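Colleague: My structure is stored as work14.cif, with mmCIF, C-alpha atoms.
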```
data_run
#
loop_
_atom_site.label_atom_id
_atom_site.label_comp_id
_atom_site.auth_asym_id
_atom_site.auth_seq_id
_atom_site.Cartn_x
_atom_site.Cartn_y
_atom_site.Cartn_z
CA MET A 1 54.98 24.14 16.91
CA LYS A 2 57.49 24.98 14.22
CA GLY A 3 58.58 22.12 11.99
CA ARG A 4 62.04 20.67 11.53
CA LEU A 5 64.19 20.72 8.42
CA VAL A 6 65.80 17.37 7.61
CA VAL A 7 68.29 17.35 4.74
CA ILE A 8 69.13 14.05 3.07
CA THR A 9 72.35 13.81 1.12
CA GLY A 10 74.77 11.29 -0.36
CA LEU A 11 76.16 10.36 -3.73
CA ASP A 12 73.60 9.85 -6.49
CA GLY A 13 72.21 6.33 -6.27
CA SER A 14 72.68 6.09 -2.51
CA GLY A 15 68.94 6.25 -1.77
CA THR A 16 68.38 9.92 -0.92
CA THR A 17 65.10 10.24 -2.82
CA THR A 18 63.81 6.90 -1.54
CA LEU A 19 64.49 7.85 2.07
CA ALA A 20 62.99 11.32 1.71
CA LYS A 21 59.80 9.94 0.17
CA LYS A 22 59.43 7.28 2.86
CA LEU A 23 59.96 9.80 5.68
CA ASN A 24 57.47 12.18 4.09
CA GLU A 25 54.90 9.35 3.89
CA LEU A 26 55.46 8.42 7.55
CA ASP A 27 55.28 12.00 8.82
CA GLN A 28 51.74 13.23 8.17
CA GLY A 29 51.57 16.91 7.26
CA SER A 30 55.25 17.06 6.28
CA HIS A 31 56.63 18.44 3.02
CA LEU A 32 59.03 16.95 0.48
CA LEU A 33 61.46 19.10 -1.47
CA ARG A 34 64.45 18.53 -3.73
CA THR A 35 66.93 21.23 -4.67
CA PRO A 36 67.19 22.74 -7.11
CA ASP A 37 63.42 23.11 -7.16
CA TYR A 38 61.12 25.20 -9.35
CA PRO A 39 61.98 27.42 -11.18
CA PHE A 40 65.68 26.56 -10.96
CA ASP A 41 65.09 22.99 -12.10
CA LEU A 42 63.93 24.32 -15.49
CA GLY A 43 67.37 25.67 -16.41
CA ARG A 44 69.49 23.07 -14.69
CA GLU A 45 70.43 21.06 -17.78
CA PHE A 46 71.63 24.21 -19.59
CA ILE A 47 73.54 25.44 -16.55
CA ASP A 48 75.19 22.05 -15.99
CA SER A 49 76.16 21.51 -19.61
CA ILE A 50 77.23 24.99 -20.71
CA VAL A 51 77.72 27.40 -17.81
CA ARG A 52 79.64 24.84 -15.75
CA GLN A 53 82.25 24.58 -18.51
CA ASP A 54 82.53 28.35 -18.95
CA SER A 55 82.57 29.43 -15.30
CA GLN A 56 82.54 27.32 -12.16
CA SER A 57 81.85 30.51 -10.16
CA ALA A 58 78.70 31.26 -12.16
CA HIS A 59 77.66 27.62 -11.84
CA TYR A 60 78.12 27.81 -8.05
CA LEU A 61 76.15 31.05 -7.78
CA TYR A 62 73.27 29.49 -9.71
CA TYR A 63 73.12 26.56 -7.28
CA LEU A 64 73.64 28.81 -4.25
CA SER A 65 70.76 31.00 -5.38
CA SER A 66 68.59 27.89 -5.80
CA VAL A 67 69.32 26.97 -2.17
CA VAL A 68 68.58 30.52 -0.98
CA HIS A 69 65.27 30.36 -2.85
CA ALA A 70 64.47 26.91 -1.45
CA SER A 71 65.29 28.16 2.05
CA ALA A 72 62.65 30.90 1.76
CA ARG A 73 60.10 28.28 0.66
CA ILE A 74 61.18 25.96 3.47
CA GLU A 75 60.60 28.69 6.07
CA GLU A 76 56.98 28.90 4.92
CA MET A 77 56.56 25.10 4.85
CA LEU A 78 57.97 24.78 8.37
CA LYS A 79 55.00 26.77 9.68
CA GLU A 80 52.82 23.79 8.74
CA GLY A 81 55.08 20.80 9.40
CA ASN A 82 58.44 19.16 8.93
CA VAL A 83 60.36 19.39 5.66
CA TYR A 84 62.40 16.58 4.12
CA CYS A 85 64.80 18.03 1.56
CA VAL A 86 66.96 16.04 -0.85
CA ARG A 87 70.15 17.99 -1.55
CA TYR A 88 70.83 21.39 0.00
CA LEU A 89 73.73 23.70 0.80
CA ILE A 90 76.07 20.85 1.75
CA ASP A 91 75.74 19.37 -1.75
CA THR A 92 76.35 22.70 -3.44
CA VAL A 93 79.47 23.27 -1.34
CA VAL A 94 80.87 19.76 -1.77
CA SER A 95 80.41 19.60 -5.54
CA HIS A 96 81.93 23.04 -6.11
CA ARG A 97 84.87 22.40 -3.80
CA VAL A 98 85.55 19.28 -5.87
CA ALA A 99 85.45 21.57 -8.93
CA GLY A 100 88.17 23.74 -7.35
CA LEU A 101 86.29 26.60 -5.69
CA ASP A 102 87.41 27.66 -2.21
CA ILE A 103 83.98 27.95 -0.60
CA ASP A 104 82.42 26.73 2.62
CA MET A 105 79.14 26.15 4.44
CA ILE A 106 77.98 29.72 5.01
CA TYR A 107 74.34 29.97 6.06
CA ASP A 108 74.45 33.70 6.77
CA GLY A 109 76.02 35.43 3.81
CA GLY A 110 75.17 38.94 4.96
CA PHE A 111 72.66 39.81 2.26
CA TYR A 112 71.19 36.29 2.27
CA ASN A 113 70.30 33.83 5.00
CA ILE A 114 69.84 30.09 4.48
CA ARG A 115 67.81 28.08 6.98
CA GLN A 116 70.12 25.64 8.75
CA PRO A 117 68.95 22.03 8.89
CA ASP A 118 67.88 20.56 12.21
CA LEU A 119 69.27 17.25 11.00
CA THR A 120 71.31 16.22 7.98
CA ILE A 121 71.47 12.55 7.04
CA PHE A 122 74.29 11.33 4.84
CA ILE A 123 73.57 8.00 3.15
CA THR A 124 76.59 5.87 2.47
CA VAL A 125 76.48 2.92 0.12
CA ASN A 126 78.85 0.33 -1.30
CA GLU A 127 80.08 1.51 -4.72
CA HIS A 128 79.08 -1.71 -6.47
CA VAL A 129 75.52 -1.39 -5.14
CA ARG A 130 75.41 2.31 -6.10
CA GLN A 131 76.55 1.51 -9.64
CA GLU A 132 73.86 -1.15 -10.02
CA ARG A 133 71.19 1.33 -8.91
CA ILE A 134 72.22 4.20 -11.17
CA THR A 135 72.75 1.91 -14.15
CA SER A 136 69.24 0.46 -13.78
CA ARG A 137 67.62 3.92 -13.60
CA GLY A 138 69.84 5.49 -16.27
CA LYS A 139 72.90 7.64 -15.69
CA GLY A 140 72.66 11.40 -15.62
CA LEU A 141 75.48 13.93 -16.03
CA LEU A 142 76.66 13.79 -12.40
CA ASP A 143 76.45 9.99 -12.40
CA LYS A 144 78.88 9.92 -15.30
CA VAL A 145 81.19 12.38 -13.54
CA LEU A 146 81.17 10.15 -10.45
CA ASP A 147 82.19 7.15 -12.57
CA ASP A 148 85.69 8.65 -12.41
CA GLU A 149 87.19 7.09 -9.28
CA ILE A 150 89.46 10.08 -8.61
CA ILE A 151 86.56 12.54 -8.75
CA ARG A 152 84.34 10.25 -6.67
CA LYS A 153 87.10 10.04 -4.05
CA LYS A 154 87.26 13.85 -3.98
CA PHE A 155 83.53 13.95 -3.27
CA GLU A 156 84.00 11.45 -0.44
CA ILE A 157 86.87 13.52 1.02
CA GLU A 158 84.81 16.72 0.89
CA PHE A 159 81.83 15.06 2.56
CA GLU A 160 84.16 13.65 5.22
CA ARG A 161 85.54 17.16 5.81
CA LEU A 162 81.99 18.23 6.70
CA SER A 163 81.14 15.11 8.72
CA ASP A 164 80.38 17.12 11.86
CA HIS A 165 77.33 18.47 9.98
CA PHE A 166 75.58 15.11 9.51
CA VAL A 167 74.75 11.65 10.81
CA VAL A 168 75.47 8.59 8.67
CA VAL A 169 73.17 5.75 7.67
CA ASP A 170 74.38 2.84 5.54
CA ASN A 171 72.25 1.71 2.62
CA SER A 172 74.64 -0.89 1.19
CA ASN A 173 72.55 -3.91 2.12
CA ALA A 174 69.41 -2.21 3.39
CA THR A 175 65.83 -2.49 2.31
CA PRO A 176 63.93 0.81 2.15
CA GLU A 177 62.30 -0.11 5.49
CA ASN A 178 65.67 -0.78 7.11
CA LEU A 179 66.99 2.53 5.77
CA VAL A 180 64.01 4.34 7.30
CA ASN A 181 64.56 2.54 10.62
CA GLN A 182 68.20 3.66 10.68
CA ALA A 183 67.24 7.26 9.90
CA THR A 184 64.36 7.52 12.35
CA GLN A 185 66.70 6.66 15.23
CA TYR A 186 67.65 10.33 14.95
CA MET A 187 64.04 11.57 14.74
CA SER A 188 62.14 11.45 18.00
CA TRP A 189 59.04 12.86 16.31
CA ILE A 190 58.60 9.72 14.17
CA LYS A 191 57.59 6.61 16.08
#
```
Hey, can you dump this file as structure tokens for me?

Modeller:
Amino acid sequence: MKGRLVVITGLDGSGTTTLAKKLNELDQGSHLLRTPDYPFDLGREFIDSIVRQDSQSAHYLYYLSSVVHASARIEEMLKEGNVYCVRYLIDTVVSHRVAGLDIDMIYDGGFYNIRQPDLTIFITVNEHVRQERITSRGKGLLDKVLDDEIIRKKFEIEFERLSDHFVVVDNSNATPENLVNQATQYMSWIK
């Protein structure tokens, strides 16, 4: 039986990594992935700090290529089990639309093909709770960008525009176990 691809997304600090790890632990034989993954993760800091300022298009193509690469890896992993992936095409599209690029969710780009998720989970969280979480773990570049309420609102609008692509779970007052329980309502393969 071929595995399922579950993408987990949401603003940084919403609990995406926590949920993915918990689902991976529950689902024996499954795989855990975060995009951008190796080798794209090695150049990410440089791309985000320098290329992003010089050319949003080049920045987008870097992240798109990381998703195309991850998709090829995912296809192999799916032969052995389910894959839980933190961040994917939806995140690349949303962040670059916020940056002003007119792009959309295109899984078949002609010369490339990205594996479509079987399920995408968007984690929503109260902003105060999210701020507490990212402050305690240390803020990265995107965290600081999302501190700007106008930019954060643009992210929320872009995710809402794509809301037919995902189900929503709320992590505002949830324990990790409660978050998993909410998510697994959409996963018949996890008891």

Colleague: Skipping near chain neighbours, those fewer than 3 positions away, what residues fall within 6 Å of range 65-74 of chain A using all atoms listed in the file, listed as a ChimeraX atom specification?

Modeller: /A:36,61-62,77-78,114-115

Colleague: Using the chain letters and numbers from the file, give me the residues hit by the PyMOL selection byres ((chain A and resi 157-161) around 10), as an MDAnalysis selection string.

Modeller: chainID A and resid 9:11 90:91 93:98 122 151:156 162:166

Colleague: Go through A:Tyr84, A:Tyr186, A:Tyr63, A:Phe46 one by one, measure the shortest atom-to-atom distance of each to Val7 in chain A using all atoms listed in the file, and give the residue with the smallest value.

Modeller: A:Tyr84

Colleague: Using all atoms listed in the file, pick whichever of A:Thr184, A:Gln28, A:Ser14, A:Thr175 has the shortest atom-to-atom distance to Val83 in chain A.

Modeller: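 So, comparing all the options, the nearest one is A:Gln28.
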
Colleague: Restricting the calculation to only C-alpha atoms, which member of A:Val51, A:Val180, A:Leu146, A:Leu23 is positioned closest to Glu127 in chain A?

Modeller: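 Answer, going by the shortest atom-to-atom distance: A:Leu146.
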
Colleague: Please determine, counting all atoms listed in the file, which residue among A:Asp12, A:Arg4, A:Leu19, A:Asp104 has the shortest atom-to-atom distance to Asn178 in chain A.

Modeller: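 The shortest atom-to-atom distance to Asn178 in chain A comes from A:Leu19.
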
Colleague: Smallest atom-to-atom distance to Ala99 in chain A: which of A:Asp41, A:Arg133, A:Gly138, A:Gln53, using all atoms listed in the file?

Modeller: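 So, comparing all the options, the nearest one is A:Gln53.
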
Colleague: In Å, rounded to a single decimal, give me how far CA of Leu64 in chain A is from CA of Leu33 in chain A.

Modeller: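 Rounded to one decimal, the two atoms are 15.8 Å apart.
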
Colleague: What is the CA of Val86 in chain A to CA of Asn173 in chain A distance in Å?

Modeller: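 Straight-line distance from CA of Val86 in chain A to CA of Asn173 in chain A works out to 20.9 Å.
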
Colleague: Take the PyMOL selection byres ((chain A and resi 29) around 9), apply it to the structure above, and return the hits as a list in words.

Modeller: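 That selection, the PyMOL selection byres ((chain A and resi 29) around 9), comes back as Asn24, Glu25, Asp27, Gln28, Ser30, His31, Glu80, Gly81 and Asn82 of chain A.
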
Colleague: Distance cut-off 12 Å, centre (71.0, 4.1, -9.3) in file coordinates, counting all atoms listed in the file: which residues qualify? Return them as a list in words.

Modeller: Leu11, Asp12, Gly13, Ser14, Gly15, Thr16, Thr17, Thr18, Val125, Asn126, Glu127, His128, Val129, Arg130, Gln131, Glu132, Arg133, Ile134, Thr135, Ser136, Arg137, Gly138, Lys139, Gly140, Leu142, Asp143, Lys144 and Leu146 of chain A

Colleague: Take the residues that were just selected and, keeping C-alpha atoms, output them as an mmCIF file, keeping the file's coordinate frame.

Modeller:
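After the write, part00.cif holds the following:
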```
data_model
loop_
_atom_site.group_PDB
_atom_site.id
_atom_site.type_symbol
_atom_site.label_atom_id
_atom_site.label_comp_id
_atom_site.auth_asym_id
_atom_site.auth_seq_id
_atom_site.Cartn_x
_atom_site.Cartn_y
_atom_site.Cartn_z
ATOM 1 C CA LEU A 11 76.160 10.360 -3.730
ATOM 2 C CA ASP A 12 73.600 9.850 -6.490
ATOM 3 C CA GLY A 13 72.210 6.330 -6.270
ATOM 4 C CA SER A 14 72.680 6.090 -2.510
ATOM 5 C CA GLY A 15 68.940 6.250 -1.770
ATOM 6 C CA THR A 16 68.380 9.920 -0.920
ATOM 7 C CA THR A 17 65.100 10.240 -2.820
ATOM 8 C CA THR A 18 63.810 6.900 -1.540
ATOM 9 C CA VAL A 125 76.480 2.920 0.120
ATOM 10 C CA ASN A 126 78.850 0.330 -1.300
ATOM 11 C CA GLU A 127 80.080 1.510 -4.720
ATOM 12 C CA HIS A 128 79.080 -1.710 -6.470
ATOM 13 C CA VAL A 129 75.520 -1.390 -5.140
ATOM 14 C CA ARG A 130 75.410 2.310 -6.100
ATOM 15 C CA GLN A 131 76.550 1.510 -9.640
ATOM 16 C CA GLU A 132 73.860 -1.150 -10.020
ATOM 17 C CA ARG A 133 71.190 1.330 -8.910
ATOM 18 C CA ILE A 134 72.220 4.200 -11.170
ATOM 19 C CA THR A 135 72.750 1.910 -14.150
ATOM 20 C CA SER A 136 69.240 0.460 -13.780
ATOM 21 C CA ARG A 137 67.620 3.920 -13.600
ATOM 22 C CA GLY A 138 69.840 5.490 -16.270
ATOM 23 C CA LYS A 139 72.900 7.640 -15.690
ATOM 24 C CA GLY A 140 72.660 11.400 -15.620
ATOM 25 C CA LEU A 142 76.660 13.790 -12.400
ATOM 26 C CA ASP A 143 76.450 9.990 -12.400
ATOM 27 C CA LYS A 144 78.880 9.920 -15.300
ATOM 28 C CA LEU A 146 81.170 10.150 -10.450
#
```

Colleague: So, counting all atoms listed in the file, which residue among A:Thr35, A:Ile123, A:Ile150, A:Lys79 is closest to Ala183 in chain A?

Modeller: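 Using all atoms listed in the file, the shortest distance to Ala183 in chain A belongs to A:Ile123.
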
Colleague: Around all listed atoms of range 114-128 of chain A, padded 3 Å per side, what centre and edge lengths does the axis-aligned box have in Å to one decimal, as AutoDock Vina command-line options?

Modeller:
```
--center_x 73.9 --center_y 14.2 --center_z 2.9 --size_x 18.3 --size_y 37.8 --size_z 24.7
```

Colleague: Can you tell me which residues surround Ile121 in chain A at a distance of at most 6 Å, considering all atoms listed in the file, apart from same-chain residues fewer than 5 positions away, and format the answer as a ChimeraX atom specification?

Modeller: /A:8,166-168
